[in-house]
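*Asks:* Data: upload01.csv, CSV, C-alpha atoms and all ligand atoms.
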```csv
chain,number,residue,atom,x,y,z
A,1232,MET,CA,17.2,-26.0,-2.4
A,1233,LYS,CA,14.4,-23.4,-2.4
A,1234,ASP,CA,12.7,-22.8,0.9
A,1235,ARG,CA,9.2,-24.0,0.0
A,1236,THR,CA,7.5,-21.9,2.6
A,1237,LEU,CA,5.1,-19.4,1.1
A,1238,LEU,CA,5.4,-15.9,2.5
A,1239,MET,CA,1.8,-14.8,2.7
A,1240,ILE,CA,1.9,-11.7,5.0
A,1241,PRO,CA,0.9,-8.1,4.1
A,1242,GLY,CA,4.5,-7.4,2.9
A,1243,PRO,CA,7.1,-8.4,2.2
A,1244,ILE,CA,5.5,-11.0,-0.2
A,1245,GLU,CA,6.6,-13.7,-2.6
A,1246,PHE,CA,8.5,-12.2,-5.5
A,1247,GLU,CA,8.8,-13.3,-9.2
A,1248,PRO,CA,12.1,-15.0,-10.2
A,1249,ALA,CA,12.8,-12.3,-12.8
A,1250,VAL,CA,12.6,-9.6,-10.1
A,1251,LEU,CA,14.9,-11.5,-7.8
A,1252,ALA,CA,17.3,-12.1,-10.7
A,1253,ALA,CA,17.6,-8.3,-11.2
A,1254,MET,CA,18.3,-8.0,-7.5
A,1255,GLY,CA,21.2,-10.5,-7.8
A,1256,ALA,CA,22.7,-9.2,-11.1
A,1257,PRO,CA,26.0,-7.4,-10.9
A,1258,THR,CA,25.4,-3.8,-9.8
A,1259,THR,CA,25.9,-1.1,-12.4
A,1260,SER,CA,26.9,2.5,-12.0
A,1261,HIS,CA,23.9,4.7,-11.4
A,1262,LEU,CA,25.2,6.7,-14.5
A,1263,ASP,CA,25.3,3.6,-16.7
A,1264,PRO,CA,23.2,4.1,-19.9
A,1265,GLY,CA,21.3,0.9,-19.3
A,1266,PHE,CA,20.5,2.0,-15.8
A,1267,VAL,CA,19.4,5.4,-16.9
A,1268,GLU,CA,17.0,3.8,-19.4
A,1269,ALA,CA,15.6,1.4,-16.7
A,1270,PHE,CA,15.1,4.3,-14.2
A,1271,GLY,CA,13.4,6.5,-16.9
A,1272,GLN,CA,11.2,3.6,-17.9
A,1273,ALA,CA,10.3,2.8,-14.3
A,1274,LEU,CA,9.2,6.4,-13.8
A,1275,GLU,CA,7.0,6.3,-16.9
A,1276,ARG,CA,5.5,3.0,-15.8
A,1277,LEU,CA,4.7,4.3,-12.3
A,1278,ARG,CA,2.4,6.8,-13.8
A,1279,GLN,CA,0.6,4.0,-15.6
A,1280,VAL,CA,0.3,1.8,-12.5
A,1281,PHE,CA,-0.9,4.7,-10.3
A,1282,LEU,CA,-3.3,5.6,-13.2
A,1283,CYS,CA,-2.0,9.2,-13.0
A,1284,PRO,CA,-0.9,10.3,-16.5
A,1285,ASP,CA,-0.4,13.9,-15.3
A,1286,GLY,CA,1.5,13.0,-12.1
A,1287,GLN,CA,5.1,13.5,-11.0
A,1288,PRO,CA,6.6,10.2,-9.9
A,1289,PHE,CA,9.3,9.9,-7.2
A,1290,ILE,CA,11.4,6.8,-6.6
A,1291,VAL,CA,13.6,7.1,-3.5
A,1292,ALA,CA,15.6,4.6,-1.4
A,1293,GLY,CA,13.7,4.0,1.8
A,1294,SER,CA,10.6,2.2,3.1
A,1295,GLY,CA,6.9,3.0,3.0
A,1296,THR,CA,7.3,5.3,6.0
A,1297,LEU,CA,9.7,7.4,4.0
A,1298,ALA,CA,7.1,7.7,1.3
A,1299,MET,CA,4.7,9.0,4.0
A,1300,ASP,CA,7.5,11.4,5.0
A,1301,LEU,CA,7.9,12.6,1.4
A,1302,ALA,CA,4.3,13.6,1.4
A,1303,GLY,CA,4.2,15.2,4.9
A,1304,ALA,CA,7.6,17.0,4.7
A,1305,ASN,CA,6.8,18.6,1.3
A,1306,LEU,CA,3.1,19.5,1.8
A,1307,ILE,CA,3.0,20.7,5.4
A,1308,GLU,CA,4.1,24.0,6.7
A,1309,PRO,CA,4.0,25.0,10.4
A,1310,GLY,CA,0.4,25.9,11.3
A,1311,ASP,CA,-1.3,24.0,8.5
A,1312,ARG,CA,-4.3,21.9,9.5
A,1313,ALA,CA,-4.6,18.3,8.5
A,1314,LEU,CA,-7.4,15.8,8.8
A,1315,VAL,CA,-6.4,12.1,9.3
A,1316,ILE,CA,-9.1,9.6,8.4
A,1317,ASN,CA,-7.8,7.1,10.9
A,1318,THR,CA,-8.7,3.4,10.7
A,1319,GLY,CA,-5.8,2.1,12.7
A,1320,PHE,CA,-2.0,1.8,13.2
A,1321,PHE,CA,-0.9,3.7,10.1
A,1322,GLY,CA,-3.4,6.5,10.6
A,1323,ASP,CA,-1.8,7.1,14.0
A,1324,ARG,CA,1.6,7.1,12.3
A,1325,PHE,CA,0.6,9.6,9.7
A,1326,GLY,CA,-0.8,12.0,12.3
A,1327,ALA,CA,2.4,11.8,14.4
A,1328,LEU,CA,4.4,12.4,11.2
A,1329,LEU,CA,2.4,15.5,10.1
A,1330,GLU,CA,2.6,17.0,13.6
A,1331,ARG,CA,6.4,16.6,13.5
A,1332,TYR,CA,6.3,19.1,10.5
A,1333,GLY,CA,4.1,21.5,12.5
A,1334,ALA,CA,0.6,20.6,11.4
A,1335,GLY,CA,-2.4,20.8,13.6
A,1336,VAL,CA,-3.8,17.3,13.2
A,1337,THR,CA,-7.5,16.3,13.7
A,1338,HIS,CA,-8.1,12.5,13.8
A,1339,LEU,CA,-11.4,11.2,12.6
A,1340,ARG,CA,-11.5,7.7,14.0
A,1341,ALA,CA,-13.9,4.7,13.8
A,1342,PRO,CA,-14.2,1.7,16.1
A,1343,VAL,CA,-11.6,-1.0,15.3
A,1344,GLY,CA,-12.7,-2.7,12.0
A,1345,GLY,CA,-14.9,0.2,11.1
A,1346,LEU,CA,-14.6,3.1,8.8
A,1347,PRO,CA,-15.7,6.8,9.3
A,1348,THR,CA,-18.7,7.5,7.0
A,1349,LEU,CA,-18.5,10.1,4.2
A,1350,GLU,CA,-21.1,12.1,6.1
A,1351,GLU,CA,-18.8,12.2,9.1
A,1352,VAL,CA,-15.8,13.2,6.9
A,1353,GLU,CA,-17.9,16.0,5.3
A,1354,ARG,CA,-18.9,17.3,8.8
A,1355,ALA,CA,-15.3,17.4,9.8
A,1356,LEU,CA,-14.3,19.2,6.6
A,1357,LYS,CA,-17.1,21.8,7.1
A,1358,GLY,CA,-16.0,22.4,10.7
A,1359,ALA,CA,-12.4,23.6,10.0
A,1360,SER,CA,-10.2,24.8,7.1
A,1361,PHE,CA,-7.9,21.9,6.3
A,1362,LYS,CA,-5.0,22.0,3.9
A,1363,LEU,CA,-4.7,18.3,3.6
A,1364,MET,CA,-6.5,15.1,4.4
A,1365,THR,CA,-4.8,11.7,4.6
A,1366,VAL,CA,-6.4,8.2,4.4
A,1367,THR,CA,-4.9,4.7,4.7
A,1368,HIS,CA,-6.4,3.0,1.6
A,1369,VAL,CA,-6.0,-0.5,3.0
A,1370,ASP,CA,-5.3,-0.4,6.7
A,1371,THR,CA,-2.9,-3.2,7.2
A,1372,SER,CA,-3.7,-3.4,10.9
A,1373,THR,CA,-7.4,-4.1,10.4
A,1374,GLY,CA,-7.8,-5.3,6.8
A,1375,VAL,CA,-10.3,-2.4,6.2
A,1376,VAL,CA,-10.4,-0.7,2.8
A,1377,ALA,CA,-11.4,3.0,2.6
A,1378,ASP,CA,-13.7,4.6,0.0
A,1379,VAL,CA,-10.9,6.6,-1.7
A,1380,LYS,CA,-13.2,7.6,-4.6
A,1381,GLY,CA,-15.8,9.1,-2.2
A,1382,LEU,CA,-13.1,10.9,-0.2
A,1383,ALA,CA,-11.5,12.3,-3.3
A,1384,ALA,CA,-14.9,13.8,-4.3
A,1385,LEU,CA,-15.2,15.4,-0.9
A,1386,ALA,CA,-11.6,16.7,-1.1
A,1387,ARG,CA,-12.4,18.4,-4.4
A,1388,ARG,CA,-15.6,19.9,-3.1
A,1389,TYR,CA,-13.8,21.4,0.0
A,1390,ASP,CA,-10.6,22.2,-1.8
A,1391,VAL,CA,-8.4,20.0,0.4
A,1392,LEU,CA,-5.4,17.9,-0.8
A,1393,LEU,CA,-6.0,14.2,-0.5
A,1394,VAL,CA,-3.0,12.1,0.3
A,1395,VAL,CA,-3.6,8.3,0.1
A,1396,ASP,CA,-1.3,5.9,2.0
A,1397,GLY,CA,-1.5,3.1,-0.5
A,1398,VAL,CA,1.3,1.0,0.9
A,1399,CYS,CA,-0.9,-2.0,1.1
A,1400,SER,CA,-3.0,-1.2,-1.9
A,1401,VAL,CA,-1.2,0.3,-5.0
A,1402,ALA,CA,-1.1,-2.3,-7.8
A,1403,GLY,CA,-3.6,-4.6,-6.0
A,1404,GLU,CA,-6.6,-2.6,-4.8
A,1405,GLU,CA,-8.5,-0.5,-7.4
A,1406,LEU,CA,-7.0,3.1,-7.3
A,1407,ARG,CA,-7.5,5.6,-10.1
A,1408,MET,CA,-5.6,8.8,-9.1
A,1409,THR,CA,-6.5,11.1,-12.0
A,1410,GLU,CA,-10.0,9.9,-12.6
A,1411,TRP,CA,-11.0,10.0,-8.9
A,1412,GLY,CA,-9.0,13.3,-8.1
A,1413,VAL,CA,-6.4,11.9,-5.7
A,1414,ASP,CA,-3.6,14.4,-5.1
A,1415,VAL,CA,-0.9,12.1,-3.8
A,1416,ALA,CA,-0.6,8.3,-3.6
A,1417,LEU,CA,2.3,6.5,-2.1
A,1418,THR,CA,3.6,3.0,-1.5
A,1419,ALA,CA,6.6,0.8,-0.9
A,1420,SER,CA,8.3,-1.7,-3.1
A,1421,GLN,CA,7.6,-4.8,-0.9
A,1422,LYS,CA,3.9,-4.9,-1.0
A,1423,ALA,CA,1.7,-5.3,-4.1
A,1424,ILE,CA,4.4,-3.6,-6.3
A,1425,SER,CA,6.2,-6.9,-5.7
A,1426,VAL,CA,9.9,-5.9,-5.3
A,1427,PRO,CA,12.0,-6.6,-2.2
A,1428,PRO,CA,11.9,-3.9,0.6
A,1429,GLY,CA,13.9,-0.7,0.1
A,1430,LEU,CA,12.0,1.7,-2.2
A,1431,ALA,CA,9.6,4.5,-1.3
A,1432,LEU,CA,7.3,5.2,-4.3
A,1433,LEU,CA,5.1,8.3,-4.6
A,1434,VAL,CA,3.1,10.0,-7.4
A,1435,ALA,CA,2.1,13.6,-6.8
A,1436,GLY,CA,-0.7,15.1,-8.9
A,1437,PRO,CA,-0.7,18.7,-10.3
A,1438,ARG,CA,-2.4,20.3,-7.2
A,1439,ALA,CA,0.1,18.7,-4.9
A,1440,MET,CA,3.1,19.9,-6.9
A,1441,GLU,CA,1.5,23.4,-7.1
A,1442,ALA,CA,1.1,23.4,-3.2
A,1443,PHE,CA,4.7,22.4,-2.9
A,1444,ARG,CA,5.8,25.2,-5.2
A,1445,ARG,CA,3.8,27.8,-3.2
A,1446,ARG,CA,5.6,26.9,0.0
A,1447,LYS,CA,6.8,29.9,2.0
A,1448,THR,CA,9.1,27.9,4.4
A,1449,PRO,CA,11.9,25.5,3.5
A,1450,VAL,CA,11.2,21.8,3.7
A,1451,ALA,CA,12.2,20.7,7.1
A,1452,ASN,CA,13.7,17.3,6.0
A,1453,TYR,CA,16.8,17.5,3.8
A,1454,TYR,CA,16.7,13.9,2.4
A,1455,ALA,CA,12.9,14.0,1.7
A,1456,ASP,CA,12.9,17.5,0.0
A,1457,TRP,CA,11.2,17.3,-3.4
A,1458,GLY,CA,13.4,20.3,-4.3
A,1459,ASN,CA,16.4,17.9,-4.2
A,1460,TRP,CA,14.6,15.0,-6.0
A,1461,LEU,CA,12.5,16.6,-8.7
A,1462,PRO,CA,15.5,17.5,-10.9
A,1463,ILE,CA,16.7,14.0,-10.6
A,1464,MET,CA,13.4,12.4,-11.5
A,1465,GLU,CA,13.1,14.8,-14.5
A,1466,ALA,CA,16.6,14.1,-15.6
A,1467,TYR,CA,16.3,10.3,-15.6
A,1468,GLU,CA,13.0,10.5,-17.3
A,1469,ALA,CA,14.7,12.6,-20.0
A,1470,ARG,CA,17.3,9.7,-20.1
A,1471,ARG,CA,20.0,11.9,-18.6
A,1472,PRO,CA,22.0,10.6,-15.6
A,1473,SER,CA,22.0,12.9,-12.6
A,1474,TYR,CA,23.0,12.7,-8.9
A,1475,PHE,CA,21.6,13.9,-5.6
A,1476,ALA,CA,22.0,10.8,-3.5
A,1477,THR,CA,22.9,7.3,-4.8
A,1478,PRO,CA,19.8,5.4,-6.0
A,1479,ALA,CA,19.3,1.9,-4.8
A,1480,VAL,CA,20.5,0.6,-8.2
A,1481,ASN,CA,19.5,-3.1,-8.0
A,1482,LEU,CA,16.2,-2.3,-6.5
A,1483,VAL,CA,15.4,0.2,-9.4
A,1484,TRP,CA,16.4,-2.4,-12.0
A,1485,ALA,CA,14.1,-4.9,-10.2
A,1486,LEU,CA,11.3,-2.3,-9.9
A,1487,ASN,CA,11.4,-1.8,-13.6
A,1488,VAL,CA,11.1,-5.5,-14.2
A,1489,SER,CA,8.1,-5.8,-11.8
A,1490,LEU,CA,6.3,-2.7,-13.2
A,1491,GLY,CA,6.7,-4.3,-16.7
A,1492,GLN,CA,5.1,-7.5,-15.5
A,1493,ILE,CA,2.3,-5.6,-13.8
A,1494,LEU,CA,1.5,-3.6,-16.9
A,1495,GLU,CA,1.7,-6.7,-19.0
A,1496,GLU,CA,-1.0,-8.3,-16.8
A,1497,GLY,CA,-2.9,-5.0,-17.1
A,1498,MET,CA,-4.4,-2.9,-14.3
A,1499,GLU,CA,-8.0,-4.0,-14.8
A,1500,ALA,CA,-7.0,-7.7,-14.9
A,1501,ARG,CA,-4.8,-7.2,-11.8
A,1502,PHE,CA,-7.6,-5.5,-9.8
A,1503,ALA,CA,-10.0,-8.3,-10.9
A,1504,ARG,CA,-7.5,-11.0,-9.8
A,1505,HIS,CA,-7.0,-9.4,-6.4
A,1506,ARG,CA,-10.8,-9.3,-6.0
A,1507,ALA,CA,-11.1,-13.0,-6.9
A,1508,LEU,CA,-8.2,-13.9,-4.5
A,1509,SER,CA,-9.9,-11.9,-1.7
A,1510,ARG,CA,-13.3,-13.5,-2.3
A,1511,ALA,CA,-11.7,-17.0,-2.3
A,1512,CYS,CA,-9.7,-16.3,0.9
A,1513,LYS,CA,-12.7,-14.8,2.8
A,1514,ALA,CA,-15.0,-17.6,1.7
A,1515,ALA,CA,-12.4,-20.1,3.1
A,1516,ILE,CA,-12.2,-18.2,6.4
A,1517,ALA,CA,-16.0,-18.2,6.8
A,1518,ALA,CA,-16.2,-21.9,5.9
A,1519,LEU,CA,-13.7,-22.7,8.6
A,1520,GLY,CA,-15.9,-20.9,11.1
A,1521,LEU,CA,-13.6,-17.9,11.8
A,1522,GLU,CA,-14.7,-14.3,12.1
A,1523,GLN,CA,-12.9,-11.3,10.6
A,1524,VAL,CA,-11.8,-7.9,11.9
A,1525,PRO,CA,-13.6,-5.7,9.4
A,1526,LEU,CA,-17.1,-5.0,10.9
A,1527,LYS,CA,-18.9,-5.4,7.5
A,1528,PRO,CA,-18.0,-7.5,4.5
A,1529,GLU,CA,-18.0,-4.3,2.3
A,1530,TYR,CA,-15.2,-2.9,4.5
A,1531,ALA,CA,-12.9,-5.8,3.8
A,1532,ALA,CA,-9.8,-5.1,1.7
A,1533,HIS,CA,-8.8,-7.2,-1.4
A,1534,THR,CA,-5.1,-7.4,-0.8
A,1535,MET,CA,-5.2,-9.1,2.6
A,1536,THR,CA,-7.6,-10.8,5.0
A,1537,ALA,CA,-7.7,-10.4,8.8
A,1538,PRO,CA,-9.3,-13.5,10.5
A,1539,ARG,CA,-9.9,-13.7,14.2
A,1540,TYR,CA,-8.6,-16.7,16.1
A,1541,PRO,CA,-11.2,-19.2,17.1
A,1542,ALA,CA,-11.9,-19.6,20.8
A,1543,GLY,CA,-9.2,-21.5,22.6
A,1544,VAL,CA,-6.5,-20.9,19.9
A,1545,THR,CA,-3.7,-18.3,20.2
A,1546,GLY,CA,-1.2,-17.0,17.7
A,1547,ALA,CA,1.6,-18.7,19.5
A,1548,ASP,CA,-0.2,-22.0,19.1
A,1549,LEU,CA,-1.4,-21.5,15.5
A,1550,LEU,CA,1.1,-19.5,13.5
A,1551,PRO,CA,4.2,-21.8,14.0
A,1552,ARG,CA,2.0,-24.8,13.0
A,1553,VAL,CA,0.8,-23.1,9.9
A,1554,LYS,CA,4.4,-22.3,9.0
A,1555,ALA,CA,5.5,-25.9,9.6
A,1556,ALA,CA,2.7,-26.8,7.1
A,1557,GLY,CA,4.1,-24.4,4.5
A,1558,ALA,CA,2.8,-20.8,4.8
A,1559,VAL,CA,4.1,-17.9,6.9
A,1560,LEU,CA,1.2,-15.7,8.1
A,1561,ALA,CA,1.4,-12.5,10.2
A,1562,GLY,CA,0.1,-11.9,13.8
A,1563,GLY,CA,-2.0,-8.9,14.8
A,1564,LEU,CA,-0.7,-5.3,14.6
A,1565,HIS,CA,-3.5,-3.1,15.9
A,1566,PRO,CA,-2.7,-2.4,19.6
A,1567,GLU,CA,-6.3,-2.9,20.8
A,1568,ILE,CA,-6.8,-6.4,19.4
A,1569,LYS,CA,-3.2,-7.5,18.7
A,1570,ALA,CA,-3.7,-11.0,20.3
A,1571,GLU,CA,-7.1,-11.7,18.8
A,1572,TYR,CA,-6.4,-12.0,15.1
A,1573,PHE,CA,-3.9,-12.8,12.4
A,1574,ARG,CA,-3.3,-11.5,8.9
A,1575,ILE,CA,-3.0,-13.2,5.5
A,1576,GLY,CA,-1.5,-11.2,2.6
A,1577,HIS,CA,-2.7,-12.2,-0.9
A,1578,MET,CA,-1.2,-9.5,-3.2
A,1579,GLY,CA,1.3,-9.2,-6.0
A,1580,PRO,CA,2.0,-12.4,-8.0
A,1581,THR,CA,-0.2,-14.6,-5.8
A,1582,LYS,CA,-2.0,-17.3,-7.8
A,1583,LEU,CA,-5.0,-19.4,-6.9
A,1584,GLY,CA,-2.7,-22.3,-6.2
A,1585,ASP,CA,-0.7,-20.2,-3.7
A,1586,LEU,CA,-3.9,-19.3,-1.9
A,1587,LEU,CA,-5.1,-22.9,-1.8
A,1588,ALA,CA,-1.7,-24.0,-0.4
A,1589,THR,CA,-2.0,-21.3,2.2
A,1590,ILE,CA,-5.6,-22.3,3.2
A,1591,GLY,CA,-4.4,-25.9,3.3
A,1592,ALA,CA,-1.6,-25.0,5.7
A,1593,LEU,CA,-4.0,-23.0,7.8
A,1594,GLU,CA,-6.3,-26.0,8.0
A,1595,ALA,CA,-3.4,-28.2,9.0
A,1596,GLY,CA,-2.4,-25.7,11.7
A,1597,LEU,CA,-5.9,-25.4,13.1
A,1598,ALA,CA,-6.3,-29.2,13.2
A,1599,ALA,CA,-2.9,-29.5,15.0
A,1600,CYS,CA,-4.3,-26.9,17.6
A,1601,GLY,CA,-7.2,-29.2,18.3
A,1602,TYR,CA,-9.8,-26.9,16.6
A,1603,THR,CA,-12.8,-28.9,15.3
A,1604,PHE,CA,-13.9,-28.2,11.8
A,1605,GLU,CA,-14.7,-30.1,8.6
A,1606,LYS,CA,-11.3,-30.8,7.0
A,1607,GLY,CA,-11.0,-29.5,3.5
A,1608,ALA,CA,-14.0,-27.1,3.9
A,1609,GLY,CA,-11.7,-24.0,3.6
A,1610,VAL,CA,-10.0,-25.2,0.4
A,1611,ALA,CA,-13.4,-26.2,-1.2
A,1612,ALA,CA,-15.0,-22.9,-0.3
A,1613,ALA,CA,-12.0,-21.0,-1.8
A,1614,MET,CA,-12.2,-23.0,-5.0
A,1615,ALA,CA,-16.0,-22.5,-5.3
A,1616,ALA,CA,-15.7,-18.7,-4.7
A,1617,TRP,CA,-12.8,-18.4,-7.2
A,1618,ASP,CA,-15.0,-20.2,-9.9
A,1619,GLU,CA,-17.8,-17.7,-9.3
A,1620,GLN,CA,-15.4,-15.1,-10.7
A,1621,GLY,CA,-14.7,-17.2,-13.8
A,1701,LIG,C1,3.5,-1.4,5.4
A,1701,LIG,C2,2.8,-0.1,5.5
A,1701,LIG,C3,3.4,1.1,5.8
A,1701,LIG,C4,4.8,1.2,6.3
A,1701,LIG,O1,5.7,0.8,5.3
A,1701,LIG,P1,7.2,0.4,5.7
A,1701,LIG,O2,7.8,0.0,4.4
A,1701,LIG,O3,7.1,-0.6,6.7
A,1701,LIG,O4,7.8,1.7,6.2
A,1701,LIG,C5,2.6,2.2,5.8
A,1701,LIG,N1,1.3,2.2,5.6
A,1701,LIG,C6,0.7,1.0,5.3
A,1701,LIG,C7,-0.8,1.0,4.9
A,1701,LIG,C8,1.4,-0.2,5.3
A,1701,LIG,O5,0.7,-1.3,5.0
```
How does this structure look as structure tokens?
Ligand SMILES: *Cc1c(COP(=O)(O)O)cnc(C)c1O
*Replies:*
Amino acid sequence: MKDRTLLMIPGPIEFEPAVLAAMGAPTTSHLDPGFVEAFGQALERLRQVFLCPDGQPFIVAGSGTLAMDLAGANLIEPGDRALVINTGFFGDRFGALLERYGAGVTHLRAPVGGLPTLEEVERALKGASFKLMTVTHVDTSTGVVADVKGLAALARRYDVLLVVDGVCSVAGEELRMTEWGVDVALTASQKAISVPPGLALLVAGPRAMEAFRRRKTPVANYYADWGNWLPIMEAYEARRPSYFATPAVNLVWALNVSLGQILEEGMEARFARHRALSRACKAAIAALGLEQVPLKPEYAAHTMTAPRYPAGVTGADLLPRVKAAGAVLAGGLHPEIKAEYFRIGHMGPTKLGDLLATIGALEAGLAACGYTFEKGAGVAAAMAAWDEQG
């Protein structure tokens, strides 16, 4: 019998049956003509999902952190300077990763739940000569969404490469690589791309590939070296099998199924559905009397929500009770406020009904903790906010 608990965390998420069926199908050779076709198609579809017709896609077995490593290892040479727009946990990680490859890293931080302004970023860019700037599109530790379009315009003006950690955003949050001028965007299979964990996905635009080709020093990471992977990606896209390291065969089959579903929905419809889900979730949280981590409503991401616990309720009290009522939610991640908030993921195939079930489970959990509120208010507010979207 299916475990009827909904997995509503910021990754991994609920997956479509057709995607899971591809995971469970008999494994083919990585040289099988059917697999070569699926891999080639997945590469072509990645360009469409990232809205980057002139980009070079990479599909490599690993998690989102490997996708970050693919960017850092291939674009940083010892002595390069990098600016990290740091909104939390994954900004710290990107800074540490870039330092490992010899970069001099400057962090531009904001208070927890905040966002550095474009003026502050511009001042930092004026103050030093950076090769590369990174930003976490949706910071999974705070639920804050960065202004990638504005940052890309600054990156172009100051001739800096912009690398977007889109692990909690790509295929959910609006992201237009070519139109906005983003140089690298990366993600992992288990978030809004909607495939079980195990694939690092990255698309590099022309300026990033040019910077890679102009390197004077070897890439200091053998597995992540684009020099090893580029011929493989080009071969599969030309529908020729090739080998550097064994691809995660079933995951690539599943990825191609999911990318097909994403493009069938259409990127604009998908962005709009994520906005509507987010509006409904945030309306429910407000109606239940809970605060949120993002300091302003316009800072709040559309792929997840980060509510604060009400006074007198802890994660240890609440989250198991919400799970017993049918939805798995995540605890805090940001070290400064870890015990003060929890996280709801609403990305990928999430439908209104999944969200209403989640809010219903949250209400049941809050009631079981002895928190006083008007029962049903969260579900009603979510439905009303969803209807506003039509
Ligand atoms: C999940 C996540 C990562 C890390 O991905 P893993 O697959 O856990 O390695 C990096 N950045 C962001 C924004 C994330 O949400």
*Asks:* Do you know which residues are at most 6 Å from Thr1365 in chain A counting all atoms listed in the file, after dropping those on the same chain fewer than 4 positions away, and could you put them as a PDB file with C-alpha atoms, in the frame of the given file?
*Replies:*
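New file out.pdb:
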```pdb
ATOM      1  CA  VAL A1315      -6.400  12.100   9.300  1.00  0.00           C
ATOM      2  CA  LEU A1393      -6.000  14.200  -0.500  1.00  0.00           C
ATOM      3  CA  VAL A1394      -3.000  12.100   0.300  1.00  0.00           C
ATOM      4  CA  VAL A1395      -3.600   8.300   0.100  1.00  0.00           C
TER       5      VAL A1395
END
```
*Asks:* With a distance cut-off of 12 Å and all atoms listed in the file, select the neighbouring residues of range 1444-1457 of chain A, excluding the residue or stretch itself and same-chain residues fewer than 5 positions from it, and output the selection as number ranges by chain.
*Replies:* A: 1287-1293, 1296-1311, 1328-1329, 1331-1333, 1431, 1433-1435, 1437-1439, 1462-1465, 1475-1477
*Asks:* Report as a PyMOL selection string which protein, DNA and RNA residues come within 9 Å of ligand LIG 1701 (chain A), using only C-alpha atoms and all ligand atoms.
*Replies:* chain A and resi 1241-1243+1293-1299+1320-1322+1324-1325+1367-1372+1396-1400+1417-1422+1428-1431
*Asks:* Excluding Arg1510 in chain A and any residue of its chain fewer than 6 positions from it, enumerate the residues within 10 Å of it, using only C-alpha atoms, and give them as a list in words.
*Replies:*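 Here the answer would be Arg1504, Ile1516, Ala1531, Ala1532, His1533, Thr1536, Ala1612, Ala1613, Met1614, Ala1615, Ala1616, Trp1617, Glu1619 and Gln1620 of chain A.
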*Asks:* Keeping only C-alpha atoms, write the selected residues as a PDB file, keeping the file's coordinate frame.
*Replies:*
```
ATOM      1  CA  ARG A1504      -7.500 -11.000  -9.800  1.00  0.00           C
ATOM      2  CA  ILE A1516     -12.200 -18.200   6.400  1.00  0.00           C
ATOM      3  CA  ALA A1531     -12.900  -5.800   3.800  1.00  0.00           C
ATOM      4  CA  ALA A1532      -9.800  -5.100   1.700  1.00  0.00           C
ATOM      5  CA  HIS A1533      -8.800  -7.200  -1.400  1.00  0.00           C
ATOM      6  CA  THR A1536      -7.600 -10.800   5.000  1.00  0.00           C
ATOM      7  CA  ALA A1612     -15.000 -22.900  -0.300  1.00  0.00           C
ATOM      8  CA  ALA A1613     -12.000 -21.000  -1.800  1.00  0.00           C
ATOM      9  CA  MET A1614     -12.200 -23.000  -5.000  1.00  0.00           C
ATOM     10  CA  ALA A1615     -16.000 -22.500  -5.300  1.00  0.00           C
ATOM     11  CA  ALA A1616     -15.700 -18.700  -4.700  1.00  0.00           C
ATOM     12  CA  TRP A1617     -12.800 -18.400  -7.200  1.00  0.00           C
ATOM     13  CA  GLU A1619     -17.800 -17.700  -9.300  1.00  0.00           C
ATOM     14  CA  GLN A1620     -15.400 -15.100 -10.700  1.00  0.00           C
TER      15      GLN A1620
END
```
*Asks:* Just want the 6 Å neighbourhood of Gly1344 in chain A, counted on only C-alpha atoms, with same-chain residues fewer than 3 positions away dropped. Output as a list in words.
*Replies:*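 With the cut-off at 6 Å, the set is Thr1373, Val1524, Pro1525 and Leu1526 of chain A.
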*Asks:* When distances are computed from all atoms listed in the file, which of A:Gly1374, A:Ala1515, A:Gly1591, A:Gly1286 shows the smallest separation from Ile1240 in chain A?
*Replies:*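 Smallest separation from Ile1240 in chain A among the options: A:Gly1374.
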*Asks:* Quote the spacing between CA of Ala1514 in chain A and CA of Gly1381 in chain A in Å to one decimal place.
*Replies:*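 Taking CA of Ala1514 in chain A as the start and CA of Gly1381 in chain A as the end point, the length is 27.0 Å.
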*Asks:* Kindly give the distance, in Å, that separates CA of Val1366 in chain A and CA of Leu1482 in chain A, rounded to a single decimal.
*Replies:*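 Those two atoms sit 27.2 Å apart.
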*Asks:* Go ahead and find all residues with at least one atom no further than 12 Å from (-12.3, 16.1, -1.2) in the file's coordinates, using only C-alpha atoms; report them as a PyMOL selection string.
*Replies:* chain A and resi 1314+1349+1352-1353+1355-1357+1361-1366+1378-1395+1411-1414
*Asks:* CA of Met1239 in chain A to CA of Gly1563 in chain A: how many Å, to one decimal?
*Replies:* 14.0 Å
*Asks:* Which residue is closest to Ala1537 in chain A? Choose from A:Leu1586, A:Ala1599, A:Leu1560, A:Met1408 and count only C-alpha atoms.
*Replies:*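 Going through A:Leu1586, A:Ala1599, A:Leu1560, A:Met1408 one by one, the smallest distance to Ala1537 in chain A is for A:Leu1560.
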*Asks:* Tell me which of A:Val1267, A:Ala1503, A:Leu1593, A:Val1376 sits closest to Ala1608 in chain A, counting only C-alpha atoms.
*Replies:* A:Leu1593
*Asks:* So which one's closest to Leu1277 in chain A, A:Pro1342, A:Tyr1474, A:Gly1491, A:Glu1529? Using only C-alpha atoms, please.
*Replies:*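 Smallest separation from Leu1277 in chain A among the options: A:Gly1491.
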*Asks:* Let me make sure I understand: among A:Ile1316, A:Ala1547, A:Met1578, A:Ala1500, which one has the smallest atom-to-atom distance to Ile1424 in chain A if we use only C-alpha atoms?
*Replies:* A:Met1578
*Asks:* Please determine, counting only C-alpha atoms, which residue among A:Val1250, A:Ser1260, A:Glu1404, A:Ala1269 has the shortest atom-to-atom distance to Arg1470 in chain A.
*Replies:* A:Ala1269
*Asks:* List the spatial neighbours of Glu1605 in chain A as a VMD selection string - criterion: any atom at most 12 Å away, only C-alpha atoms, same-chain residues fewer than 3 positions off excluded.
*Replies:* chain A and resid 1515 1518 to 1520 1594 to 1595 1597 to 1598 1602 1608 to 1612
